[in-house]
Each structure stands twice: as C-alpha cells, then as structure tokens.
Amino acid sequence: MDAVSSPFRLTTFVARGGEAVAFELAAGDRCRILDPEGRQPGLLFVAGEGAIDAGLVPASEDGPEAAAARAALAARGADVSKLAGFRLFAEDSAPGVELSFVAQGAAFVALAPAGSPMDPDQQTPPTELKVEIETVTPAAGLAPQPLAEPKLDLRVRAATAEAYRVKAGDYIQIIDVDGKQCSDFLAFDAAALERGKEFGLDPTVTRTLMATANPGPGLHSKYFDARMTPLVEIVRDTVGRHDAFLLACSAKYYEDMGYPGHDNCTDNFNRVLAPYNVEPRAGWPAINFFYNTFVGPDDSIGMDEPWSRPGDYVLLRALTDLVCASSSCADDIDVANAWAPSDIHVRVYDASENFSKGIAHRMTPDAEPRLTRESGFHPRTSALTRKFVEYRGFWLADCYSDEGPIAEYWACRERAAIMDLSPLRKFEVLGPDAEALMQLAVTRDMKKLAVGQVVYTAMCYAHGGMIDDGTVFRLGEHNFRWICGDDYCGVHLRQLAAEHGLKAWVKTSTDQLHNVAVQGPRSRDILKEIVVTPPHQPSMAELKWFRFTIGRIAGVPVVVSRTGYTGELGYEVWCHPDQAPAVWDAITAAGEPHGLKPLGLKALDMVRIEAGLAFAGYEFCDQTDPFEAGIGFAVPANKTDPYVGAEALKRRREAPSKKLVGLDVTGAEHVGHGDSVHVGRAQVGVITSATRSPVLGKTIALARLDVTCAEIGGAVEIGKLDGQQKRIPATVVGFPHYDPEKTRVRA
C-alpha cells in the first residue's frame, strides 16, 4: 500500500497465542481478523458502550481469556464494568480464515486467542491471530503508541533537528514515523558542558571498544565519548541497520553535489545546540540511526534505502545526564531517505520503567517484528552468566562465568552438560493428510517412521538448495512434530498444503515447547534418576537412539528424546516454558554428583564441529544441497514418493560438483568460516566451520571443496589476508573428526 497517496491508514498487529491485545476503534473503522495457521478460536471483547457490526456469536465474559482481556483493556484506560464477548472461528477452521466488521461507534476492543498452556505430548498450541484496521485517519505522520507514559514527546519535523535534555537512567526512543528516514543522534555529558568541556559520542572510540560497527542490545551495547566513558546504551533495536562511520550531512556535501544552500543536518545541529554552548562544526560525527551504509569489497562506502518501516525505533538508556540532539535528515537528492525526508519522533521515558532488551526479527519481510525474548530457562541461566548473545530471536548464554567454554567442553566430553536450546523452532503437523504433507516436504521417507521414532532430515527447495535441516517426531498416525531452526519452515509447509489441497494443519508451538539438551557419557545416569515414565512408554534405560518417550520430571510433563548436537550420548528434554525452571532445577540437582555443567554456544560449536554436524548458514544454505552439506545420508535414493527437490537432488547426486570434507590444519593459527581453500593459485573451496579441538589437540575444519580436490590425503592450503599473501597448509581427511563410527552417541 502506498502510505502517502492512500486515503486511509492500515494498521496491522498480532495477538499472540495465550495472550490478549487491546486496541481502539473509531466509528467507521473496518477491522479484519485473520487466523493464519487455522484451528485457532478467538474471543473478542468490547468494553463499555462501544458497538460493532459483526453478526458474531456471543461468548461468556468469564474465564481466563476474559480476565486477560480485562487486564489489557484496563491498561488502555477502558471502562471494563461492561464487557460484551464474542466467539471467533471454529476449532477446526482452515488456515487463512478471516472475518471483518465495522465499528458503529468508538470502542475499546480486546482480542484473545483461546487456549491453555500445551503439554509437550499434546499438539494444541494457542497460535496468533492477525488484526488489520482500516481507518480514514491519514496514513502518514502518526507515531505508534508510546511504550509507557512519556516525560518528553517531541516531533522532529522533516529536514530539521531538535535538542533536549535527558536525565541519567531515562530512556530515549527515536522513532522513524513513516519509514525509510535517517536520524542523526548526538549526545553530550551535560555536567561537562556546564564546566565548558565538550564530551560527546565518539563513533571511533565506540567501534574500538565494542569491536563492532554498531553496538546492539546485549553485552556490547554502549556508546562512548573520547574519554572512553559510556554515555548511552542501546536497549532495543527494531531495525538492526545503522551507520557509525560517516558524518551527518553537511553544507559541503550538497555543494559538491551541485546544491548550494541546501538544508543539512550539521547546520541544523549547530543551530539547536548553540544555547547549550556547543561549538559549531563543519561536519558532525554522529550515530546515524536508520542510515543504510555498507563497505564494498573494494573498500568503497555505498548506501541504499533504509531498512526501517513505519514505527520502527531504537531505544537508548542515558548513563549520565545528557544534552541530546536528534535530526530528521534533510537529504532528498539521493537514496539515503528514499528521496523524501519525513518526520522523526523522540520520546523520553522515566528511569523507573523496565523495558526488556531485544532486537526485532521478522519471519518474512511482511511479518510483524518480534523482539528478542527469554526462554523459560532464562531465570536459571541468567543467574550463572551475563554473557548472553542474541541467537535466532532468543537470549542464549555464550559461555558461563565460573570457568568458561573449555571447562564446559570437557564436561560434555567426559561427564555431562546441560544447554538451553529453546530457540529451536517447533511446528505441530496434524490432520488426515499430515503424513502426505511431510512426505512431500522432506527428503526422508515418512512412511517408514514409526510412532515414537525421530528422524533427521533435510527440507529443500525445488532446485535442491536447502531450506533447513531438522528432526521429525512421529506422535501418532496423523501427528508429526517438525523441529528445525528457521521460522520460515512453517510458512513453507502451509504453502505446500494449500498448493496440493492437503487437509493438514501446521501450528507453531515454539513458545509452548522449550528444551534443554543433556549431553555426555553420564547423561543417561542423570536422567534415569528423575524421569518417570508410564508403563506403556520406554524408560530411560530402554530408550533407543532417535526415539522419544513421554513422562515427568519432578511432576512436570516432559517429552525426552534421545537426540543431540554434540556427538555424545545425549538427550533433549522438552517442557512448557512456565515449568522450565523446575525441570532445570531437577536436572542440575541430579547432575551435581556426576559433574554436570551448563554449556554455552562457544563450547557447543567446538563439539558439533568435532562431530561433523551441520549448522545453518555455515555448512548449508539455499545455494547448497544436502550432499554438499555433508548430510547426503538424509536423502535416501530409494524414496519413491515425489517430494520437493527430488528431481534436482537426483541430478546432483549423479553429478556432484562439491563435497564437504574434513581438514587437519597445520599449526595453531586462527581459521574461520569463509576462509578460502586453495590448490596452488586457484581457489577450490571454502571453510564452512573450524575450531581448535581440545580432545584432538589440533585445529580442525569442515570445508566444501570441488570434488576433484576432495580426495582423502590431498594437500590444500587455507588462504588468509586476500587468500594469496598468506597460506596455511592443511590435509583433507574424513569427517567427523571425533568418533567417526558414532560409537559414543549410540552407546
């Protein structure tokens, strides 16, 4: 939709499963509610005298959904003494079903997707409903709802700048109102300014201390001045693409481009900062929020349209009293602001507010952004470390503070380790055509999968490139669970079902199933003490490799699968996130006599590379097939039913061009993902993953090589610098490097 020329404004958002969202409607607004995944009833509540024309079936104003709706409406200031409820959608509604209505008058409305927390052996996750509101309010220039009650609500008009004061601890939200608009940001130590000293944000110091082109939410989140004193930290970022290299636009830039006298951010800053005794400059070094710049292979700096959408923002926290300035960049002569400068909005919130940290992710380009979240195990892991990194939309521990990744590694190899792997995406696939859908979607033969069995497989595009890898659990005759790394798999499965007329539902259960891996030679001994299974389910002593069982830990319902990502005997324990702390406590208490340690991402990378296990974006992507990713075993030649990519994979199997191999690397110099591999001058491949192996005492790597250079024992060189000026010798070996016969994982 063209946000400028359209006579109305379209607002979209989602109500997440198990939650309630409140919103306002004006008379004449058209509201459309969609169920993207199907089988998701909803309850709609209207507060006060507001009326809607929907022809909906009335519903009770009691129950958990009504209570959640009342709380959401009360938070918006609605009168909840009178609440009218309506039922939406059926228990077996098709994916994509929708309804719409027109508000007959102003109304406060709450939407609550129905459903209760899902036990791990069930397939009833409450999933999201999407809301679209079409209103006659003009599309452009409206800032989103405040995150809290603002202390300052400041509009920075297009091609201008504004200065403002912020107290230590307060939050600064910088909002791109209409999207694709840059906003330069300056901040100065207010106390130093009063002493006649000027200490402002220094991008060079910041890049040096944070070791990143742009700080982001998490451990490395601060912006510094020339004294190496932090002035602000970034708390939230819904865009993730900014600039800290270039100056704010200046008069000279426009003069050089043939536009003398053009408005510019530098002159605008000089004007608004003059009352604070800030010396004017010919060009201001600034943090250029939403400015999309990049460094090319030839070291040239380029730009493109900003990634920001209407309402996107960054949220900062002041670490001392500040004088700040924000601009709406005046550039209308190139792509920096998509050729049309628009407004920026600044809000300041009190230090007493408690905003979560996060980076926004979108499953698809048109999806709603979702901020980084904490897993159900976070209350326990956060007590053990501050070293969290953003991983696939969750905060995960990089390593733990007591001993670090090497100790965690040895615990996994010699005793046992526990790791939070909740970011794995989970999808419930059910319905009479569930088997047909999975048979069509993955490379393994689903007809051979027994109830209670798990299989590792690939999911591919028609050209043979990989979408993802993952595991399929068979929970029943028509019931599967697909566990993978990429949210897009759910979209892909639903599209396949629609295209082939299959009666199957694909329900997202990621937020209903969080999981820890318990891995290592003593993992069975730990879990058999605490996992209680009913007579018709395998006990921990009976559970075979790539099977799962259903039981309880400390009274909490769990599914336990004999699977893992370490090359050791190991298990994964699946539970509802609300009960995750109890599961963690029971496992760690039982594991203490066995030397169990928590394990972070750094140690996990060591063990998975040693075990030759593929990682998305490293061993595979949409440009590599399963054979090139080293998982050709997951593409059986005798699967006769058609599936997506089958013909392409048949051709690729018969005429491979690349192969994944192991490398033994000479010396201890760093080798990493993306390093080139050479025979003589020619590049013949690329390093996909590498690590210094503690148990093998050498540097090892996985590499994708041209098949003519992939023979075991062959000599190659790893290129450093430009690939030619420095070489590190290596020898082609088989993989996995560690336990190639998989005797440990099968133990």
# chains A, B, ... in the order shown; residues from 1 in each chain; ligands from 1
>>> select_by_dssp(residues="stretch 317-515 of chain A", states="alpha helix (DSSP H)", output="ChimeraX atom specification")
/A:378-381,405-414,434-441,488-499
>>> write_last_selection(atoms="N, CA, C and O atoms", output="CSV table (one decimal), in the first residue's frame")
chain,number,residue,atom,x,y,z
A,378,HIS,N,15.7,-19.1,31.2
A,378,HIS,CA,16.5,-17.9,31.5
A,378,HIS,C,16.6,-17.5,32.9
A,378,HIS,O,17.7,-17.1,33.3
A,379,PRO,N,15.6,-17.6,33.8
A,379,PRO,CA,15.8,-17.3,35.2
A,379,PRO,C,16.9,-18.1,35.8
A,379,PRO,O,17.6,-17.6,36.8
A,380,ARG,N,17.2,-19.3,35.3
A,380,ARG,CA,18.3,-20.1,35.9
A,380,ARG,C,19.6,-19.8,35.2
A,380,ARG,O,20.7,-19.6,35.9
A,381,THR,N,19.7,-19.7,33.9
A,381,THR,CA,20.9,-19.4,33.2
A,381,THR,C,21.4,-18.0,33.5
A,381,THR,O,22.7,-17.8,33.6
A,405,PRO,N,34.3,-21.7,28.4
A,405,PRO,CA,33.9,-22.7,27.4
A,405,PRO,C,34.8,-23.9,27.4
A,405,PRO,O,34.3,-25.0,27.1
A,406,ILE,N,36.1,-23.9,27.7
A,406,ILE,CA,36.9,-25.1,27.7
A,406,ILE,C,36.5,-26.0,28.8
A,406,ILE,O,36.3,-27.3,28.5
A,407,ALA,N,36.2,-25.5,30.0
A,407,ALA,CA,35.7,-26.4,31.0
A,407,ALA,C,34.3,-27.0,30.7
A,407,ALA,O,34.0,-28.2,31.0
A,408,GLU,N,33.5,-26.2,30.0
A,408,GLU,CA,32.2,-26.7,29.6
A,408,GLU,C,32.3,-27.8,28.6
A,408,GLU,O,31.6,-28.8,28.6
A,409,TYR,N,33.3,-27.6,27.7
A,409,TYR,CA,33.5,-28.6,26.6
A,409,TYR,C,33.9,-29.9,27.3
A,409,TYR,O,33.4,-31.0,26.9
A,410,TRP,N,34.9,-29.9,28.2
A,410,TRP,CA,35.4,-31.1,28.8
A,410,TRP,C,34.3,-31.8,29.6
A,410,TRP,O,34.2,-33.0,29.7
A,411,ALA,N,33.4,-31.0,30.2
A,411,ALA,CA,32.3,-31.6,31.0
A,411,ALA,C,31.4,-32.4,30.0
A,411,ALA,O,31.0,-33.5,30.3
A,412,CYS,N,31.2,-31.9,28.8
A,412,CYS,CA,30.3,-32.6,27.8
A,412,CYS,C,31.0,-33.8,27.4
A,412,CYS,O,30.4,-34.9,27.2
A,413,ARG,N,32.3,-33.8,27.1
A,413,ARG,CA,33.1,-34.9,26.6
A,413,ARG,C,33.3,-36.0,27.6
A,413,ARG,O,33.3,-37.2,27.3
A,414,GLU,N,33.5,-35.6,28.9
A,414,GLU,CA,33.9,-36.6,29.9
A,414,GLU,C,32.8,-36.9,30.9
A,414,GLU,O,32.8,-38.0,31.5
A,434,ALA,N,-1.5,-35.3,7.2
A,434,ALA,CA,-0.2,-34.8,7.8
A,434,ALA,C,1.0,-35.6,7.2
A,434,ALA,O,2.0,-35.1,6.9
A,435,GLU,N,0.8,-37.0,7.1
A,435,GLU,CA,1.9,-37.8,6.6
A,435,GLU,C,2.2,-37.4,5.1
A,435,GLU,O,3.4,-37.3,4.7
A,436,ALA,N,1.1,-37.2,4.3
A,436,ALA,CA,1.3,-36.8,2.9
A,436,ALA,C,2.1,-35.5,2.8
A,436,ALA,O,2.9,-35.3,1.9
A,437,LEU,N,1.8,-34.5,3.7
A,437,LEU,CA,2.4,-33.2,3.7
A,437,LEU,C,3.9,-33.4,4.0
A,437,LEU,O,4.8,-32.9,3.3
A,438,MET,N,4.2,-34.1,5.1
A,438,MET,CA,5.6,-34.3,5.5
A,438,MET,C,6.4,-35.1,4.4
A,438,MET,O,7.6,-34.9,4.2
A,439,GLN,N,5.7,-36.1,3.8
A,439,GLN,CA,6.4,-36.9,2.8
A,439,GLN,C,6.7,-36.0,1.6
A,439,GLN,O,7.8,-36.2,0.9
A,440,LEU,N,5.9,-35.0,1.3
A,440,LEU,CA,6.2,-34.1,0.2
A,440,LEU,C,7.2,-33.0,0.6
A,440,LEU,O,8.0,-32.6,-0.3
A,441,ALA,N,7.4,-32.7,1.9
A,441,ALA,CA,8.2,-31.6,2.3
A,441,ALA,C,9.7,-32.0,2.6
A,441,ALA,O,10.6,-31.1,2.5
A,488,TYR,N,10.6,-19.8,8.8
A,488,TYR,CA,10.1,-19.9,7.5
A,488,TYR,C,9.6,-21.3,7.2
A,488,TYR,O,8.7,-21.5,6.3
A,489,CYS,N,10.1,-22.3,7.8
A,489,CYS,CA,9.6,-23.7,7.5
A,489,CYS,C,8.1,-23.8,7.7
A,489,CYS,O,7.4,-24.5,6.9
A,490,GLY,N,7.5,-23.1,8.7
A,490,GLY,CA,6.1,-23.2,8.9
A,490,GLY,C,5.3,-22.6,7.7
A,490,GLY,O,4.3,-23.1,7.3
A,491,VAL,N,5.8,-21.5,7.2
A,491,VAL,CA,5.2,-20.8,6.1
A,491,VAL,C,5.3,-21.8,4.9
A,491,VAL,O,4.3,-22.0,4.1
A,492,HIS,N,6.4,-22.4,4.7
A,492,HIS,CA,6.7,-23.3,3.5
A,492,HIS,C,5.7,-24.5,3.6
A,492,HIS,O,5.1,-24.9,2.6
A,493,LEU,N,5.6,-25.1,4.8
A,493,LEU,CA,4.7,-26.2,4.9
A,493,LEU,C,3.2,-25.8,4.7
A,493,LEU,O,2.5,-26.6,4.0
A,494,ARG,N,2.8,-24.7,5.1
A,494,ARG,CA,1.4,-24.3,4.9
A,494,ARG,C,1.2,-24.0,3.4
A,494,ARG,O,0.1,-24.3,2.9
A,495,GLN,N,2.1,-23.4,2.8
A,495,GLN,CA,2.0,-23.2,1.3
A,495,GLN,C,1.9,-24.5,0.6
A,495,GLN,O,1.1,-24.6,-0.4
A,496,LEU,N,2.7,-25.5,0.9
A,496,LEU,CA,2.7,-26.8,0.3
A,496,LEU,C,1.3,-27.4,0.5
A,496,LEU,O,0.7,-28.0,-0.5
A,497,ALA,N,0.8,-27.4,1.7
A,497,ALA,CA,-0.5,-28.0,2.0
A,497,ALA,C,-1.6,-27.3,1.1
A,497,ALA,O,-2.5,-28.0,0.6
A,498,ALA,N,-1.6,-26.0,1.0
A,498,ALA,CA,-2.6,-25.3,0.2
A,498,ALA,C,-2.4,-25.6,-1.3
A,498,ALA,O,-3.4,-25.8,-2.0
A,499,GLU,N,-1.2,-25.6,-1.8
A,499,GLU,CA,-1.0,-25.9,-3.2
A,499,GLU,C,-1.4,-27.3,-3.6
A,499,GLU,O,-1.9,-27.5,-4.7
>>> atom_distance(atom1="atom CA of A:Val389", atom2="atom CA of A:Leu209")
17.1 Å
>>> residues_around(residues="A:Gly48", least_positions_apart="3", cutoff="7 Å", atoms="only C-alpha atoms", output="PyMOL selection string")
chain A and resi 79-83
>>> select_by_dssp(residues="stretch 437-594 of chain A", states="strand (DSSP E)", output="ChimeraX atom specification")
/A:454-460,466-476,479-484,505-508,514-519,531-532,548-553,556-561,570-575
>>> residues_around(residues="A:Val46", least_positions_apart="5", cutoff="6 Å", atoms="only C-alpha atoms", output="PDB file with all heavy atoms, in the first residue's frame")
ATOM      1  N   LEU A  83     -18.730  -5.489  29.619  1.00  0.00           N
ATOM      2  CA  LEU A  83     -17.879  -6.183  28.659  1.00  0.00           C
ATOM      3  C   LEU A  83     -18.745  -7.155  27.858  1.00  0.00           C
ATOM      4  O   LEU A  83     -19.390  -8.037  28.415  1.00  0.00           O
ATOM      5  CB  LEU A  83     -16.775  -6.947  29.398  1.00  0.00           C
ATOM      6  CG  LEU A  83     -15.510  -7.295  28.607  1.00  0.00           C
ATOM      7  CD1 LEU A  83     -14.776  -6.027  28.197  1.00  0.00           C
ATOM      8  CD2 LEU A  83     -14.593  -8.177  29.451  1.00  0.00           C
ATOM      9  N   ALA A  84     -18.772  -6.956  26.546  1.00  0.00           N
ATOM     10  CA  ALA A  84     -19.502  -7.865  25.662  1.00  0.00           C
ATOM     11  C   ALA A  84     -18.508  -8.786  24.971  1.00  0.00           C
ATOM     12  O   ALA A  84     -17.520  -8.322  24.395  1.00  0.00           O
ATOM     13  CB  ALA A  84     -20.290  -7.076  24.623  1.00  0.00           C
ATOM     14  N   PHE A 108     -13.357   0.416  22.702  1.00  0.00           N
ATOM     15  CA  PHE A 108     -12.157  -0.273  23.153  1.00  0.00           C
ATOM     16  C   PHE A 108     -12.401  -1.769  22.960  1.00  0.00           C
ATOM     17  O   PHE A 108     -13.420  -2.309  23.418  1.00  0.00           O
ATOM     18  CB  PHE A 108     -11.868   0.003  24.631  1.00  0.00           C
ATOM     19  CG  PHE A 108     -11.225   1.327  24.887  1.00  0.00           C
ATOM     20  CD1 PHE A 108     -11.986   2.431  25.261  1.00  0.00           C
ATOM     21  CD2 PHE A 108      -9.850   1.482  24.759  1.00  0.00           C
ATOM     22  CE1 PHE A 108     -11.394   3.657  25.512  1.00  0.00           C
ATOM     23  CE2 PHE A 108      -9.253   2.701  25.003  1.00  0.00           C
ATOM     24  CZ  PHE A 108     -10.014   3.793  25.383  1.00  0.00           C
ATOM     25  N   VAL A 109     -11.471  -2.446  22.298  1.00  0.00           N
ATOM     26  CA  VAL A 109     -11.652  -3.849  21.939  1.00  0.00           C
ATOM     27  C   VAL A 109     -10.428  -4.638  22.394  1.00  0.00           C
ATOM     28  O   VAL A 109      -9.300  -4.133  22.357  1.00  0.00           O
ATOM     29  CB  VAL A 109     -11.836  -4.010  20.415  1.00  0.00           C
ATOM     30  CG1 VAL A 109     -12.042  -5.468  20.037  1.00  0.00           C
ATOM     31  CG2 VAL A 109     -13.009  -3.164  19.933  1.00  0.00           C
TER      32      VAL A 109
END
>>> closest_residue(among="A:Arg370, A:His500, A:Lys597, A:Arg481", to="A:Ile418", atoms="only C-alpha atoms")
A:Lys597
>>> closest_residue(among="A:Ala634, A:Val295, A:Val314, A:Ala94", to="A:Leu502", atoms="only C-alpha atoms")
A:Ala94
>>> decode(residues="stretch 336-381 of chain A", atoms="C-alpha atoms", output="PDB file, in the first residue's frame")
ATOM      1  CA  ALA A 336      19.535   7.914   1.840  1.00  0.00           C
ATOM      2  CA  ASN A 337      15.949   8.804   2.870  1.00  0.00           C
ATOM      3  CA  ALA A 338      14.282   7.111  -0.109  1.00  0.00           C
ATOM      4  CA  TRP A 339      14.292  10.571  -1.781  1.00  0.00           C
ATOM      5  CA  ALA A 340      11.632  12.021   0.534  1.00  0.00           C
ATOM      6  CA  PRO A 341      12.549  13.260   4.058  1.00  0.00           C
ATOM      7  CA  SER A 342       9.859  12.686   6.674  1.00  0.00           C
ATOM      8  CA  ASP A 343       9.394  13.191  10.413  1.00  0.00           C
ATOM      9  CA  ILE A 344      11.235  11.608  13.324  1.00  0.00           C
ATOM     10  CA  HIS A 345       9.604  11.327  16.745  1.00  0.00           C
ATOM     11  CA  VAL A 346      11.501  11.327  20.054  1.00  0.00           C
ATOM     12  CA  ARG A 347      10.082  10.144  23.363  1.00  0.00           C
ATOM     13  CA  VAL A 348      11.805  10.101  26.735  1.00  0.00           C
ATOM     14  CA  TYR A 349      10.644   7.691  29.454  1.00  0.00           C
ATOM     15  CA  ASP A 350      11.404   7.700  33.158  1.00  0.00           C
ATOM     16  CA  ALA A 351      14.236   5.635  34.592  1.00  0.00           C
ATOM     17  CA  SER A 352      11.729   3.714  36.703  1.00  0.00           C
ATOM     18  CA  GLU A 353      10.398   1.932  33.610  1.00  0.00           C
ATOM     19  CA  ASN A 354      11.675  -1.589  32.962  1.00  0.00           C
ATOM     20  CA  PHE A 355      11.994  -2.313  29.254  1.00  0.00           C
ATOM     21  CA  SER A 356      13.210  -5.673  28.003  1.00  0.00           C
ATOM     22  CA  LYS A 357      16.277  -5.818  25.782  1.00  0.00           C
ATOM     23  CA  GLY A 358      15.884  -7.012  22.256  1.00  0.00           C
ATOM     24  CA  ILE A 359      16.478  -6.923  18.534  1.00  0.00           C
ATOM     25  CA  ALA A 360      13.454  -7.283  16.276  1.00  0.00           C
ATOM     26  CA  HIS A 361      13.132 -10.214  13.881  1.00  0.00           C
ATOM     27  CA  ARG A 362      10.678 -10.709  11.059  1.00  0.00           C
ATOM     28  CA  MET A 363       9.908 -14.242   9.888  1.00  0.00           C
ATOM     29  CA  THR A 364       9.183 -12.888   6.414  1.00  0.00           C
ATOM     30  CA  PRO A 365       9.634  -9.339   5.095  1.00  0.00           C
ATOM     31  CA  ASP A 366       5.937  -8.552   5.633  1.00  0.00           C
ATOM     32  CA  ALA A 367       5.668 -10.170   9.072  1.00  0.00           C
ATOM     33  CA  GLU A 368       5.260  -8.277  12.316  1.00  0.00           C
ATOM     34  CA  PRO A 369       8.566  -7.627  14.116  1.00  0.00           C
ATOM     35  CA  ARG A 370       9.207  -9.566  17.291  1.00  0.00           C
ATOM     36  CA  LEU A 371      11.777  -8.554  19.895  1.00  0.00           C
ATOM     37  CA  THR A 372      14.318 -10.966  21.335  1.00  0.00           C
ATOM     38  CA  ARG A 373      12.778 -12.992  24.107  1.00  0.00           C
ATOM     39  CA  GLU A 374      13.988 -15.013  27.061  1.00  0.00           C
ATOM     40  CA  SER A 375      13.449 -18.745  27.234  1.00  0.00           C
ATOM     41  CA  GLY A 376      11.710 -20.440  30.130  1.00  0.00           C
ATOM     42  CA  PHE A 377      15.149 -21.453  31.425  1.00  0.00           C
ATOM     43  CA  HIS A 378      16.478 -17.880  31.467  1.00  0.00           C
ATOM     44  CA  PRO A 379      15.804 -17.313  35.198  1.00  0.00           C
ATOM     45  CA  ARG A 380      18.318 -20.090  35.900  1.00  0.00           C
ATOM     46  CA  THR A 381      20.913 -19.446  33.189  1.00  0.00           C
TER      47      THR A 381
END
